[in-house]
$ cat my_file_27.cif   # mmCIF, C-alpha atoms
data_target
loop_
_atom_site.label_atom_id
_atom_site.label_comp_id
_atom_site.auth_asym_id
_atom_site.auth_seq_id
_atom_site.Cartn_x
_atom_site.Cartn_y
_atom_site.Cartn_z
CA MET O 1 210.71 205.57 43.76
CA ASP O 2 207.43 205.48 45.62
CA PHE O 3 207.53 205.11 49.40
CA THR O 4 203.75 205.41 49.77
CA PRO O 5 202.66 202.52 52.01
CA THR O 6 200.21 200.02 50.60
CA GLU O 7 196.84 199.62 52.29
CA ALA O 8 198.11 196.48 54.05
CA GLN O 9 201.27 198.24 55.25
CA THR O 10 199.25 201.19 56.54
CA GLU O 11 196.84 198.95 58.44
CA ALA O 12 199.70 196.96 59.96
CA ARG O 13 201.53 200.14 60.99
CA ASP O 14 198.41 201.59 62.63
CA LEU O 15 197.77 198.33 64.47
CA ALA O 16 201.38 198.22 65.67
CA ALA O 17 201.13 201.82 66.85
CA ARG O 18 198.06 200.97 68.94
CA ILE O 19 199.61 197.86 70.50
CA PHE O 20 202.93 199.55 71.29
CA GLY O 21 201.15 202.65 72.57
CA ASP O 22 198.84 200.65 74.83
CA LEU O 23 201.35 198.14 76.22
CA ALA O 24 204.81 199.75 76.03
CA THR O 25 204.04 202.31 78.73
CA HIS O 26 206.62 203.89 80.98
CA ASP O 27 205.49 201.85 83.99
CA ARG O 28 205.59 198.55 82.08
CA LEU O 29 209.03 199.35 80.68
CA LYS O 30 210.31 200.08 84.18
CA ALA O 31 208.84 196.82 85.43
CA ALA O 32 210.52 194.86 82.62
CA GLY O 33 213.92 196.09 83.77
CA THR O 34 216.60 194.85 81.37
CA GLY O 35 214.48 191.98 80.03
CA SER O 36 211.76 191.70 77.41
CA ASP O 37 208.02 192.07 77.95
CA PRO O 38 206.50 188.61 77.24
CA ASP O 39 202.91 189.88 77.27
CA LEU O 40 203.69 192.51 74.65
CA TRP O 41 205.46 189.90 72.52
CA LYS O 42 202.42 187.61 72.74
CA ALA O 43 200.14 190.49 71.74
CA LEU O 44 202.24 191.31 68.68
CA CYS O 45 202.33 187.68 67.56
CA ALA O 46 198.62 187.15 68.22
CA ALA O 47 197.86 190.22 66.08
CA GLY O 48 199.83 188.64 63.22
CA LEU O 49 202.44 191.39 63.10
CA VAL O 50 205.34 188.94 62.91
CA ALA O 51 203.76 186.69 60.29
CA ALA O 52 202.67 189.74 58.26
CA VAL O 53 206.28 190.73 57.56
CA GLU O 54 206.58 187.90 55.02
CA GLU O 55 204.03 189.73 52.84
CA LEU O 56 204.73 193.32 53.88
CA GLY O 57 208.40 193.13 52.92
CA LEU O 58 211.28 195.12 54.31
CA LEU O 59 209.57 198.49 53.80
CA GLY O 60 206.61 197.23 55.78
CA LEU O 61 208.92 196.04 58.55
CA VAL O 62 210.67 199.42 58.65
CA LEU O 63 207.30 201.11 59.14
CA LEU O 64 206.47 198.74 62.00
CA LEU O 65 209.88 199.15 63.63
CA GLU O 66 209.43 202.91 63.62
CA GLU O 67 206.44 202.38 65.89
CA GLN O 68 208.48 200.14 68.18
CA GLY O 69 211.25 202.75 68.31
CA ARG O 70 208.84 205.53 69.30
CA THR O 71 208.06 203.65 72.50
CA THR O 72 211.38 201.75 72.94
CA ALA O 73 209.28 198.60 73.46
CA GLN O 74 211.40 195.77 74.85
CA VAL O 75 210.62 192.83 72.54
CA PRO O 76 212.82 190.91 70.05
CA TYR O 77 210.71 192.12 67.14
CA ALA O 78 213.48 193.48 64.90
CA ALA O 79 215.79 190.52 65.47
CA SER O 80 213.26 187.74 64.88
CA CYS O 81 211.76 189.41 61.82
CA VAL O 82 215.11 190.13 60.17
CA TYR O 83 217.14 187.06 61.11
CA GLY O 84 214.11 184.76 61.15
CA VAL O 85 211.19 185.70 58.89
CA LEU O 86 212.98 187.65 56.15
CA ALA O 87 216.14 185.51 56.16
CA LEU O 88 214.14 182.28 55.85
CA THR O 89 211.80 183.76 53.24
CA ALA O 90 214.67 184.97 51.06
CA HIS O 91 217.24 182.22 51.55
CA GLY O 92 215.63 179.18 53.18
CA SER O 93 214.85 176.06 51.21
CA ALA O 94 211.25 175.01 50.75
CA GLU O 95 211.75 172.42 53.49
CA GLN O 96 213.27 174.98 55.89
CA ARG O 97 210.48 177.46 55.25
CA GLY O 98 207.82 174.86 55.84
CA ARG O 99 209.44 173.56 59.00
CA LEU O 100 210.67 176.77 60.64
CA LEU O 101 208.59 179.72 59.43
CA PRO O 102 205.31 178.82 61.19
CA ALA O 103 207.00 178.73 64.61
CA VAL O 104 208.90 181.98 64.01
CA GLU O 105 205.78 183.72 62.75
CA ASP O 106 203.60 182.68 65.69
CA GLY O 107 206.33 183.72 68.15
CA SER O 108 206.96 180.29 69.65
CA ALA O 109 210.44 180.43 68.08
CA VAL O 110 212.63 183.54 68.28
CA VAL O 111 215.72 184.03 66.14
CA ALA O 112 218.66 186.23 67.15
CA GLY O 113 221.51 187.22 64.85
CA ALA O 114 225.23 186.70 65.52
CA PHE O 115 227.32 188.53 62.94
CA PRO O 116 230.75 188.85 64.57
CA ALA O 117 232.94 191.71 63.37
CA GLN O 118 235.96 189.43 63.71
CA ALA O 119 236.22 186.00 62.09
CA GLY O 120 235.72 184.08 65.32
CA MET O 121 233.29 181.34 64.31
CA ARG O 122 234.54 178.20 62.54
CA ALA O 123 232.40 175.61 60.75
CA SER O 124 233.46 171.98 60.34
CA ALA O 125 232.78 169.87 57.27
CA ARG O 126 230.00 168.15 59.21
CA GLY O 127 228.20 171.42 59.92
CA GLU O 128 229.35 171.91 63.50
CA LEU O 129 230.22 175.41 64.74
CA THR O 130 232.87 176.36 67.25
CA GLY O 131 233.68 179.85 68.49
CA THR O 132 232.45 182.81 70.51
CA VAL O 133 230.43 185.91 69.70
CA PRO O 134 230.84 188.38 72.59
CA VAL O 135 227.49 190.16 72.20
CA VAL O 136 224.28 188.94 70.58
CA PRO O 137 221.21 191.19 71.16
CA TRP O 138 218.06 189.38 72.33
CA LEU O 139 219.97 186.11 72.70
CA ARG O 140 218.30 185.47 76.07
CA ASP O 141 214.90 185.45 74.34
CA ALA O 142 216.01 183.28 71.42
CA THR O 143 215.36 179.65 70.59
CA HIS O 144 217.63 179.85 67.50
CA VAL O 145 220.51 182.04 66.42
CA LEU O 146 221.58 182.85 62.87
CA VAL O 147 225.38 182.78 62.80
CA ALA O 148 227.84 184.03 60.18
CA ASP O 149 231.05 182.00 60.16
CA ALA O 150 234.57 183.08 59.21
CA GLY O 151 233.81 182.39 55.54
CA ARG O 152 230.67 184.57 55.66
CA ARG O 153 228.33 181.61 55.33
CA LEU O 154 225.09 181.53 57.30
CA TRP O 155 224.15 178.80 59.77
CA LEU O 156 220.99 178.42 61.82
CA VAL O 157 221.74 177.05 65.27
CA PRO O 158 219.06 175.77 67.68
CA LEU O 159 220.07 176.77 71.17
CA GLY O 160 220.65 173.74 73.35
CA GLU O 161 223.35 171.09 73.50
CA GLY O 162 226.76 172.44 72.50
CA THR O 163 225.73 176.07 73.00
CA GLY O 164 226.62 178.33 75.91
CA LEU O 165 224.90 181.54 76.90
CA GLU O 166 226.14 184.13 79.36
CA GLU O 167 224.06 187.22 80.13
CA VAL O 168 225.51 190.54 78.94
CA GLU O 169 224.11 193.95 79.82
CA LEU O 170 224.24 196.56 77.07
CA THR O 171 223.54 200.28 77.11
CA ALA O 172 219.97 199.50 76.08
CA PRO O 173 217.97 196.66 77.68
CA TRP O 174 218.15 194.25 74.75
CA SER O 175 218.30 190.90 76.64
CA ALA O 176 221.74 190.31 75.17
CA GLY O 177 224.08 187.43 75.76
CA ARG O 178 227.53 186.04 75.00
CA LEU O 179 227.28 183.06 72.65
CA THR O 180 229.78 180.20 72.92
CA LEU O 181 229.55 177.23 70.58
CA GLU O 182 231.50 174.01 71.07
CA GLY O 183 230.87 171.73 68.12
CA ALA O 184 227.23 172.81 68.00
CA TRP O 185 225.08 171.31 65.26
CA ALA O 186 223.94 173.86 62.68
CA GLU O 187 222.13 173.82 59.37
CA PRO O 188 223.28 176.02 56.46
CA LEU O 189 220.97 178.77 55.28
CA GLY O 190 221.23 180.03 51.71
CA GLY O 191 224.22 180.29 49.43
CA PRO O 192 227.42 182.37 49.45
CA ASP O 193 225.55 185.67 48.89
CA ALA O 194 223.05 185.17 51.72
CA CYS O 195 225.23 186.72 54.43
CA ALA O 196 225.70 190.03 52.61
CA ASP O 197 221.98 190.24 51.85
CA VAL O 198 220.87 189.51 55.43
CA LEU O 199 223.42 191.99 56.78
CA ALA O 200 222.12 194.71 54.43
CA THR O 201 218.56 193.85 55.43
CA ALA O 202 219.47 194.12 59.11
CA ARG O 203 221.15 197.49 58.62
CA THR O 204 218.08 198.84 56.87
CA ALA O 205 215.67 197.48 59.46
CA PHE O 206 217.64 198.77 62.44
CA ALA O 207 217.96 202.15 60.74
CA GLY O 208 214.16 202.19 60.64
CA LEU O 209 214.12 201.35 64.34
CA GLN O 210 216.48 204.26 64.96
CA ALA O 211 214.16 206.59 63.02
CA GLY O 212 211.41 205.70 65.47
CA VAL O 213 213.67 206.11 68.51
CA CYS O 214 214.65 209.58 67.29
CA ALA O 215 211.08 210.56 66.45
CA GLY O 216 209.96 209.52 69.92
CA SER O 217 212.78 211.44 71.58
CA LEU O 218 212.01 214.57 69.57
CA ALA O 219 208.27 214.32 70.26
CA ARG O 220 208.97 214.21 74.00
CA ALA O 221 211.31 217.20 73.70
CA VAL O 222 208.71 219.22 71.80
CA ALA O 223 206.03 218.44 74.37
CA HIS O 224 208.38 219.36 77.22
CA THR O 225 209.57 222.67 75.76
CA ASN O 226 206.01 223.72 74.92
CA THR O 227 204.82 223.22 78.49
CA ARG O 228 207.94 224.15 80.48
CA GLU O 229 208.14 227.91 81.10
CA GLN O 230 211.13 230.09 81.84
CA PHE O 231 210.74 233.78 82.72
CA GLY O 232 207.03 233.55 81.88
CA ARG O 233 207.48 232.08 78.40
CA PRO O 234 207.51 228.50 77.11
CA LEU O 235 210.98 227.22 76.34
CA ALA O 236 209.81 226.46 72.81
CA THR O 237 209.63 230.19 72.05
CA ARG O 238 213.41 230.51 72.45
CA GLN O 239 215.25 230.65 69.14
CA ALA O 240 218.07 228.39 70.34
CA VAL O 241 215.55 225.72 71.34
CA GLN O 242 213.75 225.99 68.00
CA LEU O 243 216.99 225.64 66.04
CA ARG O 244 218.11 222.62 68.06
CA ALA O 245 214.76 220.93 67.55
CA ALA O 246 214.75 221.79 63.83
CA ASP O 247 218.18 220.22 63.36
CA ALA O 248 216.99 217.09 65.18
CA HIS O 249 213.90 216.94 62.96
CA MET O 250 215.99 217.14 59.78
CA ASP O 251 218.33 214.43 61.03
CA THR O 252 215.36 212.19 61.85
CA GLU O 253 213.88 212.69 58.40
CA ALA O 254 217.22 211.86 56.79
CA ILE O 255 217.37 208.57 58.72
CA ARG O 256 213.80 207.77 57.75
CA VAL O 257 214.04 208.51 54.01
CA THR O 258 217.33 206.64 53.53
CA ALA O 259 215.90 203.61 55.35
CA TYR O 260 212.75 203.79 53.19
CA GLU O 261 214.80 203.94 50.00
CA ALA O 262 216.99 200.97 50.91
CA ALA O 263 213.93 198.94 51.96
CA TRP O 264 211.99 199.86 48.82
CA ARG O 265 214.91 198.85 46.60
CA ARG O 266 215.22 195.45 48.30
CA ASP O 267 211.51 194.79 47.93
CA ALA O 268 211.72 195.82 44.25
CA GLY O 269 214.60 193.41 43.65
CA LEU O 270 217.13 196.20 42.97
CA PRO O 271 220.74 196.42 44.26
CA TYR O 272 220.66 198.06 47.67
CA ALA O 273 223.92 197.33 49.49
CA THR O 274 225.20 200.92 49.25
CA HIS O 275 221.77 202.26 50.13
CA ALA O 276 221.64 200.06 53.24
CA LEU O 277 225.05 201.38 54.31
CA THR O 278 223.88 204.95 53.67
CA ALA O 279 220.85 204.36 55.88
CA ALA O 280 223.07 202.79 58.55
CA TRP O 281 225.45 205.76 58.44
CA TRP O 282 222.63 208.26 58.89
CA ALA O 283 221.11 206.17 61.67
CA SER O 284 224.43 205.94 63.48
CA GLU O 285 225.85 209.42 62.93
CA ALA O 286 222.64 211.47 63.01
CA GLY O 287 220.85 209.21 65.47
CA GLN O 288 223.22 209.92 68.31
CA ARG O 289 222.91 213.67 67.60
CA VAL O 290 219.12 213.49 67.84
CA VAL O 291 218.96 211.58 71.12
CA HIS O 292 221.57 213.92 72.63
CA ALA O 293 219.43 216.89 71.54
CA GLY O 294 216.29 215.29 72.98
CA GLN O 295 217.96 214.81 76.34
CA HIS O 296 219.52 218.28 76.28
CA LEU O 297 216.20 219.99 75.50
CA HIS O 298 214.73 218.43 78.64
CA GLY O 299 217.26 220.33 80.75
CA GLY O 300 217.72 218.85 84.22
CA ALA O 301 214.89 216.36 83.67
CA GLY O 302 216.93 214.79 80.89
CA ALA O 303 219.56 213.76 83.41
CA ASP O 304 217.01 211.72 85.37
CA LEU O 305 217.70 208.04 84.66
CA ASP O 306 214.02 207.21 85.26
CA HIS O 307 212.72 209.79 82.76
CA PRO O 308 211.27 208.29 79.54
CA VAL O 309 213.54 210.41 77.33
CA HIS O 310 216.61 208.80 78.91
CA ARG O 311 215.47 205.45 77.50
CA HIS O 312 215.50 206.97 74.00
CA PHE O 313 219.01 208.22 74.68
CA LEU O 314 220.18 204.73 75.67
CA TRP O 315 218.55 203.09 72.65
CA GLY O 316 219.95 205.70 70.28
CA ARG O 317 223.48 205.18 71.55
CA GLN O 318 223.11 201.39 71.46
CA LEU O 319 221.88 201.48 67.86
CA ASP O 320 224.79 203.76 67.00
CA ALA O 321 227.17 201.07 68.27
CA TYR O 322 225.21 198.13 66.83
CA LEU O 323 225.17 199.61 63.32
CA GLY O 324 228.95 199.95 63.45
CA CYS O 325 229.46 203.61 64.39
CA GLY O 326 229.50 206.30 61.71
CA ALA O 327 233.17 206.27 60.77
CA GLU O 328 233.29 202.48 60.35
CA VAL O 329 230.15 202.41 58.20
CA LEU O 330 231.41 205.32 56.09
CA GLN O 331 234.68 203.51 55.43
CA GLU O 332 232.85 200.37 54.31
CA LEU O 333 230.55 202.44 52.10
CA GLY O 334 233.54 204.19 50.50
CA GLU O 335 235.25 200.87 49.79
CA LEU O 336 232.06 199.48 48.23
CA ILE O 337 231.68 202.53 45.97
CA ALA O 338 235.36 202.43 45.01
CA HIS O 339 234.98 198.84 43.85
CA GLY O 340 231.93 199.79 41.81
CA GLU O 341 229.50 197.60 43.73
#
$ encode --input "my_file_27.cif" --output "structure tokens"
Amino acid sequence: MDFTPTEAQTEARDLAARIFGDLATHDRLKAAGTGSDPDLWKALCAAGLVAAVEELGLLGLVLLLEEQGRTTAQVPYAASCVYGVLALTAHGSAEQRGRLLPAVEDGSAVVAGAFPAQAGMRASARGELTGTVPVVPWLRDATHVLVADAGRRLWLVPLGEGTGLEEVELTAPWSAGRLTLEGAWAEPLGGPDACADVLATARTAFAGLQAGVCAGSLARAVAHTNTREQFGRPLATRQAVQLRAADAHMDTEAIRVTAYEAAWRRDAGLPYATHALTAAWWASEAGQRVVHAGQHLHGGAGADLDHPVHRHFLWGRQLDAYLGCGAEVLQELGELIAHGE
């Protein structure tokens, strides 16, 4: 295994860090409220950071999502890259790639992902979908949604006639919505194995996003405890504070390295389903510990809903839920290992 970024991946990561750092400021995030930042999304697309994912692979995307997570930037970057760029690249036909990829990569089309935990979406023989998915992150920003039906087949649905959207507010401001389809036209994407692959890709990518959220939370906590004094000494000199921060650092590194390994294996064409679940488990279980520690180390300031660290807390808890929560992911991982997959 070699997780060393290529020159192209390093350049893309550094560019993403500059764009997110410049535009995903605390004031802009407050102004965006619970919606996305369209100017930031345009800047990312104009810089080629959506289109680049086709060449950078999943490991490259994980590196870029870490930078998004550090700033909790409110754009549908993870969703459109996973359910759009990578799904089409891996499973789309030549015709689908030629027709759909250019719009997804320049940002004029945004793809959300609807993977219901329960088998609530039915597909007719004519390729029409009927059913409801209660929560789809970034659905309000989407022009298309990638839907998994009850048989675990993938369908790409253009939002319009036959589709209903109702706004849903989540813990984190992810522009989510409730998706209702009534005989909506859809086109199939990939074969019978496409759903499992896209789901594993999504788990890996969102684990990388969680690594960034945790790193950002911890960085804020370190800065706060080094400048905040108590009884004439910085809080960071207290052993209890150092131990709490050290535990959070180790958890963050565990999330990062398991996400890197799963992403590297996918890009290398190796089996990675169990590795994706391992990354998801660390991101869910350890992620919520890290964002709790980050908020706790801020003391009373951490309870301020307008403080930047509180946004990391909300994102960390939302990612914990989105990835399936630790116990659920661990059960699925155990079943996969038991069946020798």
$ closest_residue --input "my_file_27.cif" --among "O:Thr180, O:Thr143, O:Asn226, O:Thr201" --to "Cys81 in chain O" --atoms "all atoms listed in the file"
O:Thr201
$ resolve_selection --input "my_file_27.cif" --expression "the PyMOL selection byres ((chain O and resi 95-104) around 9)" --output "PyMOL selection string"
chain O and resi 50-51+80-81+84-85+88-89+92-94+105-111+189
$ atom_distance --input "my_file_27.cif" --atom1 "CA of Ala202 in chain O" --atom2 "CA of Ala87 in chain O"
9.7 Å
$ residues_around --input "my_file_27.cif" --residues "Leu297 in chain O" --least-positions-apart "4" --cutoff "8 Å" --atoms "all atoms listed in the file" --output "list in words"
Ala221, Thr225, Val241, Ala293 and Gly302 of chain O
$ closest_residue --input "my_file_27.cif" --among "O:Pro5, O:Gly287, O:Pro192, O:Gly183" --to "Ala263 in chain O" --atoms "only C-alpha atoms"
O:Pro5
$ atom_distance --input "my_file_27.cif" --atom1 "CA of Gly300 in chain O" --atom2 "CA of Pro173 in chain O"
23.1 Å
$ resolve_selection --input "my_file_27.cif" --expression "the PyMOL selection byres ((chain O and resi 308) around 12)" --output "ChimeraX atom specification"
/O:24-30,70-73,213,216-221,224,291,294-295,298,301-307,309-315
$ resolve_selection --input "my_file_27.cif" --expression "the PyMOL selection byres ((chain O and resi 187) around 9)" --output "PyMOL selection string"
chain O and resi 127-128+154-157+185-186+188-189
$ residues_around --input "my_file_27.cif" --residues "range 278-282 of chain O" --least-positions-apart "5" --cutoff "10 Å" --atoms "all atoms listed in the file" --output "ChimeraX atom specification"
/O:200,202-208,210-211,251-263,272-273,287-288,319-320,322-331,333
$ atom_distance --input "my_file_27.cif" --atom1 "CA of Gly113 in chain O" --atom2 "CA of Pro76 in chain O"
10.8 Å
$ closest_residue --input "my_file_27.cif" --among "O:Asp37, O:Glu285, O:Glu335, O:Glu167" --to "Arg317 in chain O" --atoms "only C-alpha atoms"
O:Glu285
$ axis_aligned_box --input "my_file_27.cif" --around "range 328-337 of chain O" --padding-each-side "6 Å" --output "AutoDock Vina command-line options"
--center_x 232.7 --center_y 202.4 --center_z 53.2 --size_x 17.1 --size_y 17.8 --size_z 26.4
$ closest_residue --input "my_file_27.cif" --among "O:Arg18, O:Arg289, O:Arg178, O:His249" --to "Thr163 in chain O" --atoms "only C-alpha atoms"
O:Arg178
$ residues_around --input "my_file_27.cif" --residues "Asp267 in chain O" --least-positions-apart "3" --cutoff "8 Å" --atoms "all atoms listed in the file" --output "MDAnalysis selection string"
chainID O and resid 57:59 263:264 270
$ closest_residue --input "my_file_27.cif" --among "O:Ala16, O:Ala31, O:Ala172, O:Ala223" --to "Leu61 in chain O" --atoms "only C-alpha atoms"
O:Ala16
$ closest_residue --input "my_file_27.cif" --among "O:Met250, O:Ala125, O:Ala12, O:Ala90" --to "Leu63 in chain O" --atoms "all atoms listed in the file"
O:Ala12
$ residues_near_point --input "my_file_27.cif" --point "(199.4, 199.3, 53.4)" --cutoff "12 Å" --atoms "only C-alpha atoms" --output "PDB file with C-alpha atoms, in the coordinates of the input"
ATOM      1  CA  PHE O   3     207.530 205.110  49.400  1.00  0.00           C
ATOM      2  CA  THR O   4     203.750 205.410  49.770  1.00  0.00           C
ATOM      3  CA  PRO O   5     202.660 202.520  52.010  1.00  0.00           C
ATOM      4  CA  THR O   6     200.210 200.020  50.600  1.00  0.00           C
ATOM      5  CA  GLU O   7     196.840 199.620  52.290  1.00  0.00           C
ATOM      6  CA  ALA O   8     198.110 196.480  54.050  1.00  0.00           C
ATOM      7  CA  GLN O   9     201.270 198.240  55.250  1.00  0.00           C
ATOM      8  CA  THR O  10     199.250 201.190  56.540  1.00  0.00           C
ATOM      9  CA  GLU O  11     196.840 198.950  58.440  1.00  0.00           C
ATOM     10  CA  ALA O  12     199.700 196.960  59.960  1.00  0.00           C
ATOM     11  CA  ARG O  13     201.530 200.140  60.990  1.00  0.00           C
ATOM     12  CA  ASP O  14     198.410 201.590  62.630  1.00  0.00           C
ATOM     13  CA  LEU O  15     197.770 198.330  64.470  1.00  0.00           C
ATOM     14  CA  ALA O  52     202.670 189.740  58.260  1.00  0.00           C
ATOM     15  CA  VAL O  53     206.280 190.730  57.560  1.00  0.00           C
ATOM     16  CA  GLU O  55     204.030 189.730  52.840  1.00  0.00           C
ATOM     17  CA  LEU O  56     204.730 193.320  53.880  1.00  0.00           C
ATOM     18  CA  GLY O  57     208.400 193.130  52.920  1.00  0.00           C
ATOM     19  CA  LEU O  59     209.570 198.490  53.800  1.00  0.00           C
ATOM     20  CA  GLY O  60     206.610 197.230  55.780  1.00  0.00           C
ATOM     21  CA  LEU O  61     208.920 196.040  58.550  1.00  0.00           C
ATOM     22  CA  LEU O  63     207.300 201.110  59.140  1.00  0.00           C
ATOM     23  CA  LEU O  64     206.470 198.740  62.000  1.00  0.00           C
TER      24      LEU O  64
END
$ residues_around --input "my_file_27.cif" --residues "Trp174 in chain O" --least-positions-apart "6" --cutoff "8 Å" --atoms "all atoms listed in the file" --output "mmCIF file with C-alpha atoms, in the frame of the given file"
data_model
loop_
_atom_site.group_PDB
_atom_site.id
_atom_site.type_symbol
_atom_site.label_atom_id
_atom_site.label_comp_id
_atom_site.auth_asym_id
_atom_site.auth_seq_id
_atom_site.Cartn_x
_atom_site.Cartn_y
_atom_site.Cartn_z
ATOM 1 C CA THR O 34 216.600 194.850 81.370
ATOM 2 C CA GLY O 35 214.480 191.980 80.030
ATOM 3 C CA SER O 36 211.760 191.700 77.410
ATOM 4 C CA GLN O 74 211.400 195.770 74.850
ATOM 5 C CA VAL O 75 210.620 192.830 72.540
ATOM 6 C CA PRO O 76 212.820 190.910 70.050
ATOM 7 C CA PRO O 137 221.210 191.190 71.160
ATOM 8 C CA TRP O 138 218.060 189.380 72.330
#
